[in-house]
file model19.pdb (PDB, C-alpha atoms)
ATOM      1  CA  SER A   1     202.169  70.058-214.604
ATOM      2  CA  ALA A   2     200.839  72.397-211.908
ATOM      3  CA  SER A   3     197.328  71.928-213.250
ATOM      4  CA  LEU A   4     197.772  68.182-213.178
ATOM      5  CA  PHE A   5     199.011  68.227-209.557
ATOM      6  CA  GLY A   6     196.188  70.615-208.660
ATOM      7  CA  GLY A   7     193.570  68.250-210.101
ATOM      8  CA  ALA A   8     195.142  65.326-208.323
ATOM      9  CA  GLY A   9     195.132  67.261-205.086
ATOM     10  CA  ALA A  10     191.452  68.016-205.507
ATOM     11  CA  VAL A  11     190.681  64.343-206.083
ATOM     12  CA  LEU A  12     192.740  63.362-203.010
ATOM     13  CA  ALA A  13     190.893  65.970-200.941
ATOM     14  CA  ILE A  14     187.520  64.564-202.004
ATOM     15  CA  GLY A  15     188.740  61.021-201.332
ATOM     16  CA  GLY A  16     189.865  62.055-197.840
ATOM     17  CA  ALA A  17     186.437  63.505-197.162
ATOM     18  CA  ALA A  18     184.894  60.224-198.280
ATOM     19  CA  SER A  19     186.967  58.255-195.805
ATOM     20  CA  THR A  20     185.856  60.448-192.889
ATOM     21  CA  ALA A  21     182.239  61.158-193.826
ATOM     22  CA  GLY A  22     181.034  57.576-194.429
ATOM     23  CA  GLU A  23     178.184  57.064-196.844
ATOM     24  CA  ARG A  24     177.908  60.752-197.620
ATOM     25  CA  GLY A  25     181.586  60.917-198.713
ATOM     26  CA  ARG A  26     181.241  57.790-200.873
ATOM     27  CA  MET A  27     178.242  59.273-202.658
ATOM     28  CA  SER A  28     180.174  62.523-203.161
ATOM     29  CA  HIS A  29     183.078  60.609-204.667
ATOM     30  CA  ALA A  30     180.724  58.793-207.011
ATOM     31  CA  VAL A  31     179.172  62.066-208.144
ATOM     32  CA  THR A  32     182.588  63.549-208.835
ATOM     33  CA  ALA A  33     183.740  60.477-210.745
ATOM     34  CA  ARG A  34     180.607  60.478-212.908
ATOM     35  CA  ALA A  35     181.082  64.144-213.621
ATOM     36  CA  TYR A  36     184.700  63.685-214.699
ATOM     37  CA  SER A  37     183.860  60.641-216.830
ATOM     38  CA  SER A  38     181.200  62.675-218.636
ATOM     39  CA  GLY A  39     183.683  65.482-219.368
ATOM     40  CA  ILE A  40     181.856  67.944-217.122
ATOM     41  CA  SER A  41     183.979  70.510-215.320
ATOM     42  CA  ILE A  42     182.594  71.100-211.807
ATOM     43  CA  GLY A  43     184.003  72.955-208.852
ATOM     44  CA  GLN A  44     184.092  72.079-205.172
ATOM     45  CA  LYS A  45     181.077  74.295-204.510
ATOM     46  CA  ASN A  46     178.969  72.386-207.056
ATOM     47  CA  VAL A  47     180.115  69.079-205.626
ATOM     48  CA  SER A  48     178.987  70.171-202.153
ATOM     49  CA  GLN A  49     175.570  71.166-203.493
ATOM     50  CA  LEU A  50     175.156  67.849-205.293
ATOM     51  CA  GLU A  51     176.157  65.737-202.314
ATOM     52  CA  SER A  52     173.864  67.767-200.031
ATOM     53  CA  ALA A  53     170.915  67.238-202.366
ATOM     54  CA  MET A  54     171.564  63.492-202.648
ATOM     55  CA  THR A  55     172.108  62.805-198.958
ATOM     56  CA  ARG A  56     169.169  64.879-197.697
ATOM     57  CA  PRO A  57     166.536  62.134-198.406
ATOM     58  CA  ILE A  58     168.642  59.546-196.567
ATOM     59  CA  VAL A  59     168.989  61.755-193.513
ATOM     60  CA  GLY A  60     165.269  62.487-193.532
ATOM     61  CA  GLN A  61     164.428  58.800-193.879
ATOM     62  CA  ALA A  62     166.728  57.924-190.997
ATOM     63  CA  SER A  63     165.024  60.542-188.830
ATOM     64  CA  ARG A  64     161.621  59.137-189.696
ATOM     65  CA  CYS A  65     162.820  55.610-188.865
ATOM     66  CA  LYS A  66     164.078  56.768-185.471
ATOM     67  CA  SER A  67     160.747  58.520-184.815
ATOM     68  CA  THR A  68     158.798  55.415-185.826
ATOM     69  CA  ALA A  69     160.947  53.218-183.584
ATOM     70  CA  ALA A  70     160.452  55.596-180.651
ATOM     71  CA  THR A  71     156.685  55.588-181.225
ATOM     72  CA  ALA A  72     156.643  51.798-181.413
ATOM     73  CA  ASN A  73     158.593  51.514-178.174
ATOM     74  CA  ALA A  74     156.214  53.904-176.434
ATOM     75  CA  ALA A  75     153.216  51.961-177.733
ATOM     76  CA  GLY A  76     154.834  48.731-176.609
ATOM     77  CA  THR A  77     155.286  50.128-173.127
ATOM     78  CA  LYS A  78     151.671  51.297-172.938
ATOM     79  CA  LYS A  79     150.317  48.023-174.342
ATOM     80  CA  GLY A  80     152.637  45.707-172.464
ATOM     81  CA  PHE A  81     149.814  43.841-170.708
ATOM     82  CA  VAL A  82     147.819  43.520-173.924
ATOM     83  CA  ALA A  83     150.809  42.096-175.796
ATOM     84  CA  TRP A  84     151.568  39.759-172.892
ATOM     85  CA  TYR A  85     147.957  38.529-172.755
ATOM     86  CA  GLU A  86     147.776  38.098-176.531
ATOM     87  CA  SER A  87     150.933  35.981-176.518
ATOM     88  CA  HIS A  88     149.451  33.668-173.882
ATOM     89  CA  LEU A  89     146.120  33.591-175.715
ATOM     90  CA  ASP A  90     147.910  32.463-178.885
ATOM     91  CA  SER A  91     150.132  29.876-177.204
ATOM     92  CA  SER A  92     147.637  28.463-174.662
ATOM     93  CA  PRO A  93     144.111  29.671-175.511
ATOM     94  CA  VAL A  94     142.141  27.257-173.316
ATOM     95  CA  ARG A  95     144.335  27.623-170.233
ATOM     96  CA  THR A  96     144.399  31.421-170.583
ATOM     97  CA  LYS A  97     140.608  31.554-170.865
ATOM     98  CA  MET A  98     140.225  29.229-167.886
ATOM     99  CA  ILE A  99     142.330  31.518-165.686
ATOM    100  CA  THR A 100     140.525  34.590-167.013
ATOM    101  CA  GLY A 101     137.183  32.916-166.445
ATOM    102  CA  SER A 102     137.978  32.010-162.851
ATOM    103  CA  LEU A 103     139.027  35.573-162.029
ATOM    104  CA  LEU A 104     136.026  37.232-163.669
ATOM    105  CA  TRP A 105     133.523  34.716-162.291
ATOM    106  CA  GLY A 106     134.941  35.376-158.853
ATOM    107  CA  LEU A 107     134.658  39.117-159.414
ATOM    108  CA  GLY A 108     131.094  38.695-160.644
ATOM    109  CA  ASP A 109     130.082  36.765-157.536
ATOM    110  CA  PHE A 110     131.804  39.360-155.347
ATOM    111  CA  VAL A 111     129.737  42.111-156.976
ATOM    112  CA  ALA A 112     126.620  39.948-156.800
ATOM    113  CA  GLN A 113     126.964  39.585-153.040
ATOM    114  CA  LEU A 114     127.661  43.248-152.403
ATOM    115  CA  VAL A 115     125.016  44.812-154.650
ATOM    116  CA  PRO A 116     121.884  43.378-152.989
ATOM    117  CA  HIS A 117     123.065  44.261-149.494
ATOM    118  CA  PHE A 118     124.437  47.755-150.002
ATOM    119  CA  PHE A 119     122.271  49.043-152.868
ATOM    120  CA  PHE A 120     118.973  47.161-152.909
ATOM    121  CA  GLY A 121     118.670  45.781-149.407
ATOM    122  CA  ASP A 122     118.369  42.071-148.698
ATOM    123  CA  GLU A 123     115.838  41.981-145.863
ATOM    124  CA  ASP A 124     113.662  38.935-145.697
ATOM    125  CA  GLU A 125     110.182  38.755-144.176
ATOM    126  CA  SER A 126     111.462  38.174-140.643
ATOM    127  CA  ASP A 127     113.642  41.291-140.870
ATOM    128  CA  LYS A 128     110.678  43.345-142.049
ATOM    129  CA  LYS A 129     108.573  42.075-139.128
ATOM    130  CA  ASP A 130     111.343  42.957-136.692
ATOM    131  CA  ASN A 131     111.564  46.454-138.141
ATOM    132  CA  ALA A 132     107.798  46.826-137.877
ATOM    133  CA  ASN A 133     107.938  45.783-134.223
ATOM    134  CA  GLY A 134     110.614  48.348-133.485
ATOM    135  CA  ASN A 135     113.582  45.996-133.618
ATOM    136  CA  SER A 136     115.437  47.898-136.297
ATOM    137  CA  ALA A 137     118.926  46.581-135.693
ATOM    138  CA  ALA A 138     120.874  46.505-138.932
ATOM    139  CA  LYS A 139     121.558  43.037-140.269
ATOM    140  CA  PRO A 140     125.321  42.504-140.446
ATOM    141  CA  PHE A 141     126.790  41.667-143.823
ATOM    142  CA  VAL A 142     128.430  38.247-143.923
ATOM    143  CA  TYR A 143     130.423  37.468-147.042
ATOM    144  CA  ASP A 144     129.940  33.945-148.388
ATOM    145  CA  TYR A 145     133.464  32.823-149.335
ATOM    146  CA  ALA A 146     132.306  29.318-150.210
ATOM    147  CA  ARG A 147     129.892  30.723-152.766
ATOM    148  CA  THR A 148     132.696  32.723-154.407
ATOM    149  CA  GLY A 149     134.863  29.608-154.388
ATOM    150  CA  ARG A 150     132.154  27.694-156.232
ATOM    151  CA  ALA A 151     131.882  30.485-158.800
ATOM    152  CA  VAL A 152     135.663  30.534-159.325
ATOM    153  CA  PHE A 153     135.749  26.756-159.778
ATOM    154  CA  PHE A 154     132.797  26.813-162.174
ATOM    155  CA  GLY A 155     134.354  29.577-164.276
ATOM    156  CA  PHE A 156     137.709  27.792-164.376
ATOM    157  CA  ALA A 157     136.815  24.133-164.865
ATOM    158  CA  VAL A 158     133.403  24.207-166.530
ATOM    159  CA  HIS A 159     132.334  27.429-168.197
ATOM    160  CA  ALA A 160     135.570  28.639-169.821
ATOM    161  CA  PRO A 161     136.622  25.445-171.653
ATOM    162  CA  LEU A 162     133.083  24.718-172.817
ATOM    163  CA  SER A 163     132.628  28.322-173.968
ATOM    164  CA  HIS A 164     135.887  28.093-175.928
ATOM    165  CA  VAL A 165     134.447  25.124-177.811
ATOM    166  CA  HIS A 166     131.099  26.905-178.223
ATOM    167  CA  PHE A 167     132.493  30.085-179.812
ATOM    168  CA  ASN A 168     134.750  28.144-182.171
ATOM    169  CA  PHE A 169     131.864  25.861-183.101
ATOM    170  CA  LEU A 170     129.718  28.909-183.896
ATOM    171  CA  GLU A 171     132.499  30.269-186.104
ATOM    172  CA  TRP A 172     132.811  26.916-187.884
ATOM    173  CA  MET A 173     129.048  26.793-188.592
ATOM    174  CA  THR A 174     129.138  30.373-189.861
ATOM    175  CA  VAL A 175     131.965  29.638-192.291
ATOM    176  CA  ARG A 176     130.389  26.386-193.492
ATOM    177  CA  GLY A 177     127.063  28.137-193.970
ATOM    178  CA  GLY A 178     128.612  30.900-196.057
ATOM    179  CA  PHE A 179     127.184  33.726-193.945
ATOM    180  CA  GLN A 180     128.561  37.205-194.590
ATOM    181  CA  GLY A 181     127.985  40.760-193.409
ATOM    182  CA  LEU A 182     125.208  41.373-190.913
ATOM    183  CA  SER A 183     123.915  37.829-191.325
ATOM    184  CA  VAL A 184     126.925  36.585-189.290
ATOM    185  CA  PRO A 185     126.005  38.167-185.903
ATOM    186  CA  ILE A 186     122.312  37.453-186.459
ATOM    187  CA  PHE A 187     122.948  33.774-187.204
ATOM    188  CA  LYS A 188     125.296  33.365-184.243
ATOM    189  CA  THR A 189     122.940  35.123-181.838
ATOM    190  CA  VAL A 190     119.935  33.040-182.901
ATOM    191  CA  MET A 191     121.905  29.805-182.597
ATOM    192  CA  GLU A 192     123.311  30.749-179.210
ATOM    193  CA  GLN A 193     120.241  32.222-177.566
ATOM    194  CA  PHE A 194     117.399  30.122-178.965
ATOM    195  CA  VAL A 195     118.760  26.840-180.339
ATOM    196  CA  TYR A 196     121.165  25.245-177.893
ATOM    197  CA  TRP A 197     123.728  27.230-175.887
ATOM    198  CA  SER A 198     121.668  29.404-173.540
ATOM    199  CA  TRP A 199     119.453  26.489-172.515
ATOM    200  CA  PHE A 200     122.448  24.248-171.929
ATOM    201  CA  SER A 201     124.646  26.805-170.135
ATOM    202  CA  ASN A 202     121.914  28.048-167.791
ATOM    203  CA  SER A 203     120.858  24.496-166.914
ATOM    204  CA  LEU A 204     124.484  23.571-166.365
ATOM    205  CA  TYR A 205     125.043  26.581-164.106
ATOM    206  CA  HIS A 206     122.057  25.944-161.839
ATOM    207  CA  GLY A 207     122.731  22.202-161.751
ATOM    208  CA  ALA A 208     126.457  22.540-161.044
ATOM    209  CA  MET A 209     125.906  25.129-158.322
ATOM    210  CA  GLY A 210     123.271  22.930-156.703
ATOM    211  CA  ALA A 211     125.558  19.896-156.847
ATOM    212  CA  MET A 212     128.425  21.846-155.241
ATOM    213  CA  GLN A 213     126.002  22.911-152.492
ATOM    214  CA  GLY A 214     125.274  19.255-151.740
ATOM    215  CA  LEU A 215     121.867  18.914-153.387
ATOM    216  CA  THR A 216     120.737  15.572-154.721
ATOM    217  CA  ALA A 217     120.171  14.907-158.412
ATOM    218  CA  GLN A 218     116.415  15.287-157.987
ATOM    219  CA  GLN A 219     116.841  18.550-156.084
ATOM    220  CA  CYS A 220     119.136  19.889-158.820
ATOM    221  CA  TYR A 221     116.537  18.951-161.424
ATOM    222  CA  ASP A 222     113.771  20.668-159.461
ATOM    223  CA  ARG A 223     115.930  23.755-159.068
ATOM    224  CA  ILE A 224     116.556  23.924-162.818
ATOM    225  CA  ALA A 225     112.870  23.455-163.562
ATOM    226  CA  ASP A 226     111.925  26.239-161.151
ATOM    227  CA  VAL A 227     114.287  28.957-162.415
ATOM    228  CA  LEU A 228     115.244  28.079-165.992
ATOM    229  CA  TRP A 229     112.365  29.773-167.823
ATOM    230  CA  ASP A 230     112.659  33.014-165.838
ATOM    231  CA  THR A 231     116.424  32.972-166.386
ATOM    232  CA  GLN A 232     115.931  32.485-170.112
ATOM    233  CA  LYS A 233     113.584  35.442-170.413
ATOM    234  CA  ALA A 234     115.957  37.672-168.497
ATOM    235  CA  GLN A 235     118.877  36.439-170.603
ATOM    236  CA  TRP A 236     117.170  37.258-173.889
ATOM    237  CA  VAL A 237     116.483  40.820-172.756
ATOM    238  CA  PHE A 238     120.054  41.387-171.617
ATOM    239  CA  TRP A 239     122.268  39.222-173.824
ATOM    240  CA  ILE A 240     120.777  39.496-177.313
ATOM    241  CA  PRO A 241     121.900  43.137-177.817
ATOM    242  CA  VAL A 242     125.266  42.389-176.200
ATOM    243  CA  GLN A 243     125.947  39.373-178.395
ATOM    244  CA  LEU A 244     124.846  41.086-181.599
ATOM    245  CA  LEU A 245     127.574  43.676-180.983
ATOM    246  CA  ASN A 246     130.043  41.072-179.740
ATOM    247  CA  PHE A 247     129.679  38.791-182.753
ATOM    248  CA  ASN A 248     129.827  41.713-185.174
ATOM    249  CA  PHE A 249     132.845  43.665-183.907
ATOM    250  CA  VAL A 250     134.985  41.398-181.689
ATOM    251  CA  PRO A 251     137.402  38.697-182.940
ATOM    252  CA  VAL A 252     136.491  35.127-182.025
ATOM    253  CA  ARG A 253     139.404  34.715-179.594
ATOM    254  CA  HIS A 254     138.155  37.681-177.501
ATOM    255  CA  GLN A 255     134.397  37.021-177.597
ATOM    256  CA  LEU A 256     134.480  34.964-174.399
ATOM    257  CA  ASN A 257     136.306  37.791-172.606
ATOM    258  CA  VAL A 258     133.542  40.205-173.605
ATOM    259  CA  VAL A 259     130.987  37.774-172.197
ATOM    260  CA  LEU A 260     132.949  37.372-168.965
ATOM    261  CA  LEU A 261     133.345  41.121-168.458
ATOM    262  CA  THR A 262     129.675  41.747-169.193
ATOM    263  CA  SER A 263     128.748  38.896-166.854
ATOM    264  CA  VAL A 264     129.903  41.021-163.927
ATOM    265  CA  VAL A 265     126.925  43.301-164.627
ATOM    266  CA  TRP A 266     124.714  40.316-165.449
ATOM    267  CA  THR A 267     125.324  38.583-162.115
ATOM    268  CA  ALA A 268     124.655  41.834-160.256
ATOM    269  CA  LEU A 269     121.333  42.163-162.061
ATOM    270  CA  LEU A 270     120.428  38.551-161.320
ATOM    271  CA  SER A 271     121.154  39.148-157.646
ATOM    272  CA  ALA A 272     118.846  42.161-157.715
ATOM    273  CA  TRP A 273     116.094  40.259-159.544
ATOM    274  CA  TYR A 274     116.520  36.989-157.622
ATOM    275  CA  PRO A 275     118.092  37.942-154.273
ATOM    276  CA  PRO A 276     119.515  35.254-151.984
ATOM    277  CA  ALA A 277     116.634  35.786-149.543
ATOM    278  CA  GLU A 278     114.225  34.317-152.049
ATOM    279  CA  GLU A 279     116.455  31.302-152.543
ATOM    280  CA  GLY A 280     116.697  30.792-148.801
ATOM    281  CA  LYS A 281     112.945  31.214-148.415
ATOM    282  CA  SER A 282     112.366  28.677-151.189
ATOM    283  CA  GLU A 283     114.611  26.135-149.475
ATOM    284  CA  GLU A 284     112.855  26.817-146.168
ATOM    285  CA  ASN A 285     109.469  26.245-147.807
ATOM    286  CA  THR A 286     110.780  23.004-149.289
ATOM    287  CA  LYS A 287     111.842  21.820-145.829
ATOM    288  CA  VAL A 288     108.420  22.748-144.438
ATOM    289  CA  ILE A 289     106.677  20.779-147.174
ATOM    290  CA  GLU A 290     108.940  17.789-146.555
ATOM    291  CA  THR A 291     108.154  18.003-142.825
ATOM    292  CA  ILE A 292     104.422  18.110-143.538
ATOM    293  CA  ASP A 293     104.735  15.107-145.847
ATOM    294  CA  GLU A 294     106.662  13.163-143.219
ATOM    295  CA  SER A 295     104.028  14.044-140.601
ATOM    296  CA  ALA A 296     101.269  12.876-142.909
ATOM    297  CA  VAL A 297     103.066   9.578-143.507
ATOM    298  CA  ASN A 298     103.568   9.031-139.783
ATOM    299  CA  ASP A 299      99.923   9.803-139.075
ATOM    300  CA  LYS A 300      98.895   7.327-141.753
ATOM    301  CA  LYS A 301     101.097   4.679-140.213
ATOM    302  CA  LYS A 302      99.500   5.287-136.807
ATOM    303  CA  VAL A 303      96.033   4.942-138.313
ATOM    304  CA  ASP A 304      96.981   1.737-140.066
TER     305      ASP A 304
END
call {"tool": "encode", "arguments": {"input": "model19.pdb", "output": "structure tokens"}}
result
Amino acid sequence: SASLFGGAGAVLAIGGAASTAGERGRMSHAVTARAYSSGISIGQKNVSQLESAMTRPIVGQASRCKSTAATANAAGTKKGFVAWYESHLDSSPVRTKMITGSLLWGLGDFVAQLVPHFFFGDEDESDKKDNANGNSAAKPFVYDYARTGRAVFFGFAVHAPLSHVHFNFLEWMTVRGGFQGLSVPIFKTVMEQFVYWSWFSNSLYHGAMGAMQGLTAQQCYDRIADVLWDTQKAQWVFWIPVQLLNFNFVPVRHQLNVVLLTSVVWTALLSAWYPPAEEGKSEENTKVIETIDESAVNDKKKVD
């Protein structure tokens, strides 16, 4: 009888532990029940060892889960802007690229105006003559806000949406053509640089900028004809290596962003190669030629 009550007391003690220790107590109770049903005589010390061995993996797994969650939260905090941008890029790809394009085109024009003046010098011939004559007053820097506004508008309304279509069209042609491996960036670069896009985008840029400056259709055409070939040669030197890497390593949805970021350097280089002084001098020469032509016409009328 005493043995029976002692065994019952032991079972009640283990059951009480189960009610206060949660999952660990329930597993301990199950171990004890299986041991009794198998006719195995075990003591409280053995039960404690068994329950410790069985609950250790769960505790370790819980610790790892907490560590993983903490790491994920830290990564989420560090990459908050990236996650925010990706969500907008997935939900509204064209609008997100248009806003990104306007900001980076504006930044590119800002750099393009500063670089020639502060790093390369933007003196025209009249400035050089003044310096030679002893009039060496520094030419004040005047920022052209209207020019930056045109660049922002072009990047927002023209370049970004058309580039979105261009990069997706390139991807579609690549998939339909069955290109794989290194043939993918080579095919895309050849199509972009030599077949259609570079010719179209550069002509569109010079024409749109001329139109926003108030040039006539004929003047825009003449401007494109004057600078397109030189722009193409410079583009092939600069953009072919960039686009080979871009098409090979960057997902399609981010390829335009790579182009926009790299364009900040590209516009600075263009400003160094083709400074605004040359453009102004070209327009001045055009006005001189038009004046000469008008004078010749008037003289002819007088003769007649």
call {"tool": "atom_distance", "arguments": {"input": "model19.pdb", "atom1": "atom CA of Asn257 of chain A", "atom2": "atom CA of Lys97 of chain A"}}
result
7.8 Å
call {"tool": "closest_residue", "arguments": {"input": "model19.pdb", "among": "A:Ser203, A:Thr100, A:Thr231, A:Gln113", "to": "Phe153 of chain A", "atoms": "all atoms listed in the file"}}
result
A:Thr100
call {"tool": "atom_distance", "arguments": {"input": "model19.pdb", "atom1": "atom CA of Met209 of chain A", "atom2": "atom CA of Tyr85 of chain A"}}
result
29.6 Å
call {"tool": "resolve_selection", "arguments": {"input": "model19.pdb", "expression": "the PyMOL selection byres ((chain A and resi 162-174) around 10)", "output": "ChimeraX atom specification"}}
result
/A:93-94,97-98,101,155,157-161,175-180,183-185,187-189,191-192,197,201,247,252-256,259
call {"tool": "write_last_selection", "arguments": {"input": "model19.pdb", "atoms": "C-alpha atoms", "output": "compact mmCIF listing (two decimals), keeping the file's coordinate frame"}}
result
# COMPACT_ATOMS: atom_id res chain seq x y z
CA PRO A 93 144.11 29.67 -175.51
CA VAL A 94 142.14 27.26 -173.32
CA LYS A 97 140.61 31.55 -170.86
CA MET A 98 140.22 29.23 -167.89
CA GLY A 101 137.18 32.92 -166.44
CA GLY A 155 134.35 29.58 -164.28
CA ALA A 157 136.82 24.13 -164.86
CA VAL A 158 133.40 24.21 -166.53
CA HIS A 159 132.33 27.43 -168.20
CA ALA A 160 135.57 28.64 -169.82
CA PRO A 161 136.62 25.44 -171.65
CA VAL A 175 131.96 29.64 -192.29
CA ARG A 176 130.39 26.39 -193.49
CA GLY A 177 127.06 28.14 -193.97
CA GLY A 178 128.61 30.90 -196.06
CA PHE A 179 127.18 33.73 -193.94
CA GLN A 180 128.56 37.20 -194.59
CA SER A 183 123.92 37.83 -191.32
CA VAL A 184 126.92 36.58 -189.29
CA PRO A 185 126.00 38.17 -185.90
CA PHE A 187 122.95 33.77 -187.20
CA LYS A 188 125.30 33.36 -184.24
CA THR A 189 122.94 35.12 -181.84
CA MET A 191 121.90 29.80 -182.60
CA GLU A 192 123.31 30.75 -179.21
CA TRP A 197 123.73 27.23 -175.89
CA SER A 201 124.65 26.80 -170.14
CA PHE A 247 129.68 38.79 -182.75
CA VAL A 252 136.49 35.13 -182.02
CA ARG A 253 139.40 34.72 -179.59
CA HIS A 254 138.16 37.68 -177.50
CA GLN A 255 134.40 37.02 -177.60
CA LEU A 256 134.48 34.96 -174.40
CA VAL A 259 130.99 37.77 -172.20
call {"tool": "atom_distance", "arguments": {"input": "model19.pdb", "atom1": "atom CA of Phe154 of chain A", "atom2": "atom CA of Pro251 of chain A"}}
result
24.4 Å
call {"tool": "closest_residue", "arguments": {"input": "model19.pdb", "among": "A:Ala112, A:Ser92, A:Gln243, A:Gln232", "to": "Tyr196 of chain A", "atoms": "all atoms listed in the file"}}
result
A:Gln232
call {"tool": "closest_residue", "arguments": {"input": "model19.pdb", "among": "A:Ser198, A:His88, A:Val227, A:Tyr143", "to": "Val115 of chain A", "atoms": "all atoms listed in the file"}}
result
A:Tyr143
call {"tool": "closest_residue", "arguments": {"input": "model19.pdb", "among": "A:Phe81, A:Phe194, A:Trp105, A:Phe238", "to": "Arg147 of chain A", "atoms": "only C-alpha atoms"}}
result
A:Trp105
call {"tool": "closest_residue", "arguments": {"input": "model19.pdb", "among": "A:Trp84, A:Trp266, A:Phe141, A:Tyr221", "to": "Trp239 of chain A", "atoms": "all atoms listed in the file"}}
result
A:Trp266
call {"tool": "residues_near_point", "arguments": {"input": "model19.pdb", "point": "(127.2, 39.3, -162.8)", "cutoff": "8 Å", "atoms": "all atoms listed in the file", "output": "short mmCIF file (atom, residue, chain, number, x, y, z; two decimals) with C-alpha atoms, in the coordinates of the input"}}
result
data_model
loop_
_atom_site.label_atom_id
_atom_site.label_comp_id
_atom_site.auth_asym_id
_atom_site.auth_seq_id
_atom_site.Cartn_x
_atom_site.Cartn_y
_atom_site.Cartn_z
CA TRP A 105 133.52 34.72 -162.29
CA GLY A 108 131.09 38.70 -160.64
CA ASP A 109 130.08 36.76 -157.54
CA VAL A 111 129.74 42.11 -156.98
CA ALA A 112 126.62 39.95 -156.80
CA THR A 262 129.68 41.75 -169.19
CA SER A 263 128.75 38.90 -166.85
CA VAL A 264 129.90 41.02 -163.93
CA VAL A 265 126.92 43.30 -164.63
CA TRP A 266 124.71 40.32 -165.45
CA THR A 267 125.32 38.58 -162.12
CA ALA A 268 124.66 41.83 -160.26
CA LEU A 269 121.33 42.16 -162.06
CA LEU A 270 120.43 38.55 -161.32
CA SER A 271 121.15 39.15 -157.65
#
call {"tool": "closest_residue", "arguments": {"input": "model19.pdb", "among": "A:Lys139, A:His117, A:His206, A:Arg95", "to": "Gln219 of chain A", "atoms": "all atoms listed in the file"}}
result
A:His206
